[in-house]
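Here's the structure we're looking at; comments come further down.
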Amino acid sequence: MTTSSSVMNKIAQVSLFQDLGPAELEEIALMCTRKKYLPNASIILTEDEEHSFYVISQGTVAIKAIDPTMREKVLAYLEPGDFFGEISAIDAEPRSADVVACNEEVEVLIFSQKDFLGLLHNYPSVHLSLSREFCRRLRLLNHRLTSVSLPASARIARALILIANEHGKMTKDGLLLPKLTQTDIGKMSDSPRETVNRAFSELRDLSLIIPTESKQVLIPSKEKLEEWIKSKSGLAPSNQKL
C-alpha cells in the first residue's frame, strides 16, 4: 500500500517527525486523512467530543478562547507545519480552545486519537519532540502572563515580538510580521483596537515599527524594541548585570 509523495512531504515538514526516515514517514502518512476548510470556517470547537490530532498542511489558523470577562482572545496563529489538538488527544478531556481558519482556505491532516497515541508509543523521537513543544508553549504562556502588568503600549509591543518570534520572516530591513489587523493584535494583547492604534502611532514615531505598503508590520530591530519595552516596564537594560 502506498501514499502520495505530497502527503509524505507535508508530514516531513512537521517538527515532530523530522527525525524519521522515509519508510516511517510513509507509514505515518497512511494514517491520516486530508480535509479542507473554507476561510473563517470552524475547525475545532470547545464543545466537540472528538479527540483527533491535526497538522496544518496549507493556510493559517487562529487559536481562540473566551476569557473570564467573556471577551474573545486569540492565543496563537499557526501555519503549515504546525499542529494542534494534541492535549485533548492525549487526555481525552474536552477541547480547551476553538480553532478557526483565517482569511484563506486551510487544509489539515487529521490523525485519530488511537493513531496519534500509537505514534507516541512507537516512535520515541516523536514523543520527545512533543515534550519539547509543550515546554516551548509553556514558556510562551509564562511570557504572556508577565505582560499583563505592562503599560498598554509595552504590552502590545511584547505581542508583536511574540508574533515575530513565531511567524516573522527576516528581511534585509528587519523582521516582517504576517498580515494581521489591529483587532487581531488587540485580541493577542488584551487591548481594545483604539489602544492598539495609539500604541502603533507611538512605536511608529519612534521608528521601532514600520508599516509596509502591504499592510504588514516591519520591526527594524527586535533588540531595540525589547529595550524599549524594558524601559517602559522599569526593568534594567539587558546589558546591565542584575
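In the C-alpha cells, each chain is lettered A, B, ... as it comes, each chain's residues begin at 1, and ligands are numbered from 1 in order of appearance.
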*May I have the residues within 10 Å of segment 112-117 of chain A as JSON, numbers by chain, using only C-alpha atoms and disregarding those fewer than 4 positions away in the same chain?*
{"A": [28, 31, 32, 33, 50, 51, 52, 53, 54, 85, 86, 88, 89, 90, 91, 92, 121, 122, 127]}
Given the selection you just returned, output its residues as a file containing N, CA and C atoms, formatted as an mmCIF file, in the first residue's frame.
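Result saved to part30.cif:
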data_model
loop_
_atom_site.group_PDB
_atom_site.id
_atom_site.type_symbol
_atom_site.label_atom_id
_atom_site.label_comp_id
_atom_site.auth_asym_id
_atom_site.auth_seq_id
_atom_site.Cartn_x
_atom_site.Cartn_y
_atom_site.Cartn_z
ATOM 1 N N ILE A 28 3.342 6.767 8.611
ATOM 2 C CA ILE A 28 2.576 7.796 9.303
ATOM 3 C C ILE A 28 1.609 8.490 8.346
ATOM 4 N N MET A 31 -1.742 6.962 7.874
ATOM 5 C CA MET A 31 -2.699 7.019 8.986
ATOM 6 C C MET A 31 -3.656 8.207 8.874
ATOM 7 N N CYS A 32 -3.256 9.256 8.188
ATOM 8 C CA CYS A 32 -4.019 10.497 8.254
ATOM 9 C C CYS A 32 -5.007 10.641 7.102
ATOM 10 N N THR A 33 -5.974 11.497 7.324
ATOM 11 C CA THR A 33 -6.911 11.887 6.274
ATOM 12 C C THR A 33 -6.765 13.385 6.035
ATOM 13 N N GLU A 50 -14.898 14.864 19.847
ATOM 14 C CA GLU A 50 -13.844 14.040 19.235
ATOM 15 C C GLU A 50 -12.475 14.509 19.723
ATOM 16 N N HIS A 51 -11.468 13.652 19.593
ATOM 17 C CA HIS A 51 -10.145 13.942 20.165
ATOM 18 C C HIS A 51 -9.027 13.723 19.150
ATOM 19 N N SER A 52 -9.270 14.130 17.930
ATOM 20 C CA SER A 52 -8.272 13.934 16.876
ATOM 21 C C SER A 52 -7.100 14.907 17.017
ATOM 22 N N PHE A 53 -6.033 14.593 16.306
ATOM 23 C CA PHE A 53 -4.824 15.404 16.262
ATOM 24 C C PHE A 53 -4.696 15.961 14.853
ATOM 25 N N TYR A 54 -4.350 17.253 14.719
ATOM 26 C CA TYR A 54 -4.355 17.932 13.429
ATOM 27 C C TYR A 54 -2.974 18.500 13.095
ATOM 28 N N GLY A 85 -4.429 20.207 18.806
ATOM 29 C CA GLY A 85 -5.311 19.127 19.234
ATOM 30 C C GLY A 85 -4.622 18.032 20.024
ATOM 31 N N GLU A 86 -3.318 18.218 20.297
ATOM 32 C CA GLU A 86 -2.559 17.140 20.943
ATOM 33 C C GLU A 86 -2.969 16.926 22.404
ATOM 34 N N SER A 88 -5.981 17.293 23.954
ATOM 35 C CA SER A 88 -7.212 16.514 24.040
ATOM 36 C C SER A 88 -7.004 15.092 23.536
ATOM 37 N N ALA A 89 -6.137 14.939 22.533
ATOM 38 C CA ALA A 89 -5.856 13.596 22.013
ATOM 39 C C ALA A 89 -5.154 12.732 23.056
ATOM 40 N N ILE A 90 -4.398 13.367 23.946
ATOM 41 C CA ILE A 90 -3.667 12.616 24.975
ATOM 42 C C ILE A 90 -4.539 12.313 26.184
ATOM 43 N N ASP A 91 -5.273 13.329 26.687
ATOM 44 C CA ASP A 91 -6.003 13.099 27.937
ATOM 45 C C ASP A 91 -7.503 12.852 27.755
ATOM 46 N N ALA A 92 -7.983 12.958 26.497
ATOM 47 C CA ALA A 92 -9.395 12.694 26.184
ATOM 48 C C ALA A 92 -10.349 13.638 26.915
ATOM 49 N N HIS A 121 3.705 6.092 21.213
ATOM 50 C CA HIS A 121 4.195 4.847 21.808
ATOM 51 C C HIS A 121 5.281 4.202 20.954
ATOM 52 N N ASN A 122 5.114 4.257 19.643
ATOM 53 C CA ASN A 122 6.008 3.524 18.739
ATOM 54 C C ASN A 122 7.227 4.315 18.290
ATOM 55 N N HIS A 127 7.684 11.394 20.552
ATOM 56 C CA HIS A 127 7.304 11.686 21.940
ATOM 57 C C HIS A 127 8.195 12.781 22.522
#
*Per DSSP on the backbone, what are the alpha helix (DSSP H) residues of segment 59-194 of chain A, as an MDAnalysis selection string?*
chainID A and resid 86:91 113:122 124:145 152:167 182:189 193:194
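Proximity to Lys187 of chain A at 9 Å, evaluated using only C-alpha atoms and with sequence-adjacent residues fewer than 3 positions away removed, yields Arg71, Glu72, Lys73, Val74, Leu75, Gln182, Thr183, Asp184, Asp190, Ser191, Pro192 and Arg193 of chain A.
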Go ahead and save the residues from that selection, with C-alpha atoms, as a PDB file, in the first residue's frame.
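File again27.pdb, as written:
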ATOM      1  CA  ARG A  71     -14.174  38.519  25.528  1.00  0.00           C
ATOM      2  CA  GLU A  72     -12.764  36.523  22.647  1.00  0.00           C
ATOM      3  CA  LYS A  73      -8.989  36.222  22.835  1.00  0.00           C
ATOM      4  CA  VAL A  74      -6.575  34.977  20.169  1.00  0.00           C
ATOM      5  CA  LEU A  75      -3.998  32.726  21.810  1.00  0.00           C
ATOM      6  CA  GLN A 182      -5.098  45.763  14.690  1.00  0.00           C
ATOM      7  CA  THR A 183      -8.132  43.889  16.003  1.00  0.00           C
ATOM      8  CA  ASP A 184      -6.173  40.605  15.759  1.00  0.00           C
ATOM      9  CA  ASP A 190      -5.836  42.061  25.691  1.00  0.00           C
ATOM     10  CA  SER A 191      -6.181  45.566  24.298  1.00  0.00           C
ATOM     11  CA  PRO A 192      -9.033  47.338  22.501  1.00  0.00           C
ATOM     12  CA  ARG A 193      -8.419  48.352  18.902  1.00  0.00           C
TER      13      ARG A 193
END
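Proximity of A:Lys35, A:Lys222, A:Lys232, A:Lys64 to Gly168 of chain A, computed with only C-alpha atoms, is greatest for A:Lys222.
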Write out as a PDB file with C-alpha atoms, in the first residue's frame all residues of segment 50-193 of chain A that backbone DSSP assigns to strand (DSSP E or B).
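Just written: selection.pdb:
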ATOM      1  CA  PHE A  53      -4.824  15.404  16.262  1.00  0.00           C
ATOM      2  CA  TYR A  54      -4.355  17.932  13.429  1.00  0.00           C
ATOM      3  CA  VAL A  55      -1.401  19.001  11.301  1.00  0.00           C
ATOM      4  CA  ILE A  56      -1.701  22.099   9.117  1.00  0.00           C
ATOM      5  CA  SER A  57      -0.606  21.490   5.523  1.00  0.00           C
ATOM      6  CA  GLN A  58      -1.973  24.704   3.968  1.00  0.00           C
ATOM      7  CA  VAL A  61      -5.485  29.062  11.656  1.00  0.00           C
ATOM      8  CA  ALA A  62      -6.265  31.075  14.783  1.00  0.00           C
ATOM      9  CA  ILE A  63      -6.494  29.519  18.244  1.00  0.00           C
ATOM     10  CA  LYS A  64      -9.246  31.347  20.152  1.00  0.00           C
ATOM     11  CA  ALA A  65     -10.681  31.221  23.663  1.00  0.00           C
ATOM     12  CA  ILE A  66     -13.129  33.221  25.783  1.00  0.00           C
ATOM     13  CA  GLU A  72     -12.764  36.523  22.647  1.00  0.00           C
ATOM     14  CA  LYS A  73      -8.989  36.222  22.835  1.00  0.00           C
ATOM     15  CA  VAL A  74      -6.575  34.977  20.169  1.00  0.00           C
ATOM     16  CA  LEU A  75      -3.998  32.726  21.810  1.00  0.00           C
ATOM     17  CA  ALA A  76      -1.905  31.999  18.723  1.00  0.00           C
ATOM     18  CA  TYR A  77      -1.742  31.827  14.958  1.00  0.00           C
ATOM     19  CA  LEU A  78      -0.500  28.574  13.441  1.00  0.00           C
ATOM     20  CA  PHE A  83      -0.111  21.205  14.768  1.00  0.00           C
ATOM     21  CA  PHE A  84      -2.922  21.357  17.305  1.00  0.00           C
ATOM     22  CA  ASP A  98     -11.618  26.926  19.349  1.00  0.00           C
ATOM     23  CA  VAL A  99      -9.614  26.670  16.130  1.00  0.00           C
ATOM     24  CA  VAL A 100     -10.790  28.581  13.063  1.00  0.00           C
ATOM     25  CA  ALA A 101      -9.420  29.093   9.563  1.00  0.00           C
ATOM     26  CA  VAL A 106      -7.000  25.701   5.133  1.00  0.00           C
ATOM     27  CA  GLU A 107      -6.035  22.064   4.634  1.00  0.00           C
ATOM     28  CA  VAL A 108      -5.257  19.818   7.592  1.00  0.00           C
ATOM     29  CA  LEU A 109      -4.037  16.261   8.007  1.00  0.00           C
ATOM     30  CA  ILE A 110      -6.119  14.535  10.676  1.00  0.00           C
ATOM     31  CA  PHE A 111      -4.986  11.632  12.881  1.00  0.00           C
ATOM     32  CA  LYS A 169      10.403  36.500   8.334  1.00  0.00           C
ATOM     33  CA  MET A 170      13.855  38.028   8.395  1.00  0.00           C
ATOM     34  CA  THR A 171      14.495  40.515   5.582  1.00  0.00           C
ATOM     35  CA  GLY A 174      14.304  43.667   9.683  1.00  0.00           C
ATOM     36  CA  LEU A 175      11.649  41.209  10.881  1.00  0.00           C
ATOM     37  CA  LEU A 176       8.482  41.202   8.778  1.00  0.00           C
TER      38      LEU A 176
END
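Atom pair atom CA of Ser15 of chain A / atom CA of Ile163 of chain A has a distance of 18.7 Å (rounded to one decimal).
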*Hey, can you check how far atom CA of Lys215 of chain A sits from atom CA of Ala157 of chain A?*
17.0 Å
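If you measure from each of A:Val7, A:Ser96, A:Thr60, A:Leu203 to Arg34 of chain A using only C-alpha atoms, the closest one turns out to be A:Val7.
Of note, atom CA of Ser5 of chain A and atom CA of Tyr123 of chain A are spaced 21.1 Å apart.
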*For Ser214 of chain A, which residue among A:Lys179, A:Arg139, A:Lys172, A:Arg132 is the nearest when counting only C-alpha atoms?*
A:Lys179
_Distance query Asp173 of chain A at most 10 Å, only C-alpha atoms, self and fewer than 3 positions along chain excluded, as JSON, numbers by chain_ = {"A": [170, 176, 210, 218, 219, 220, 221]}
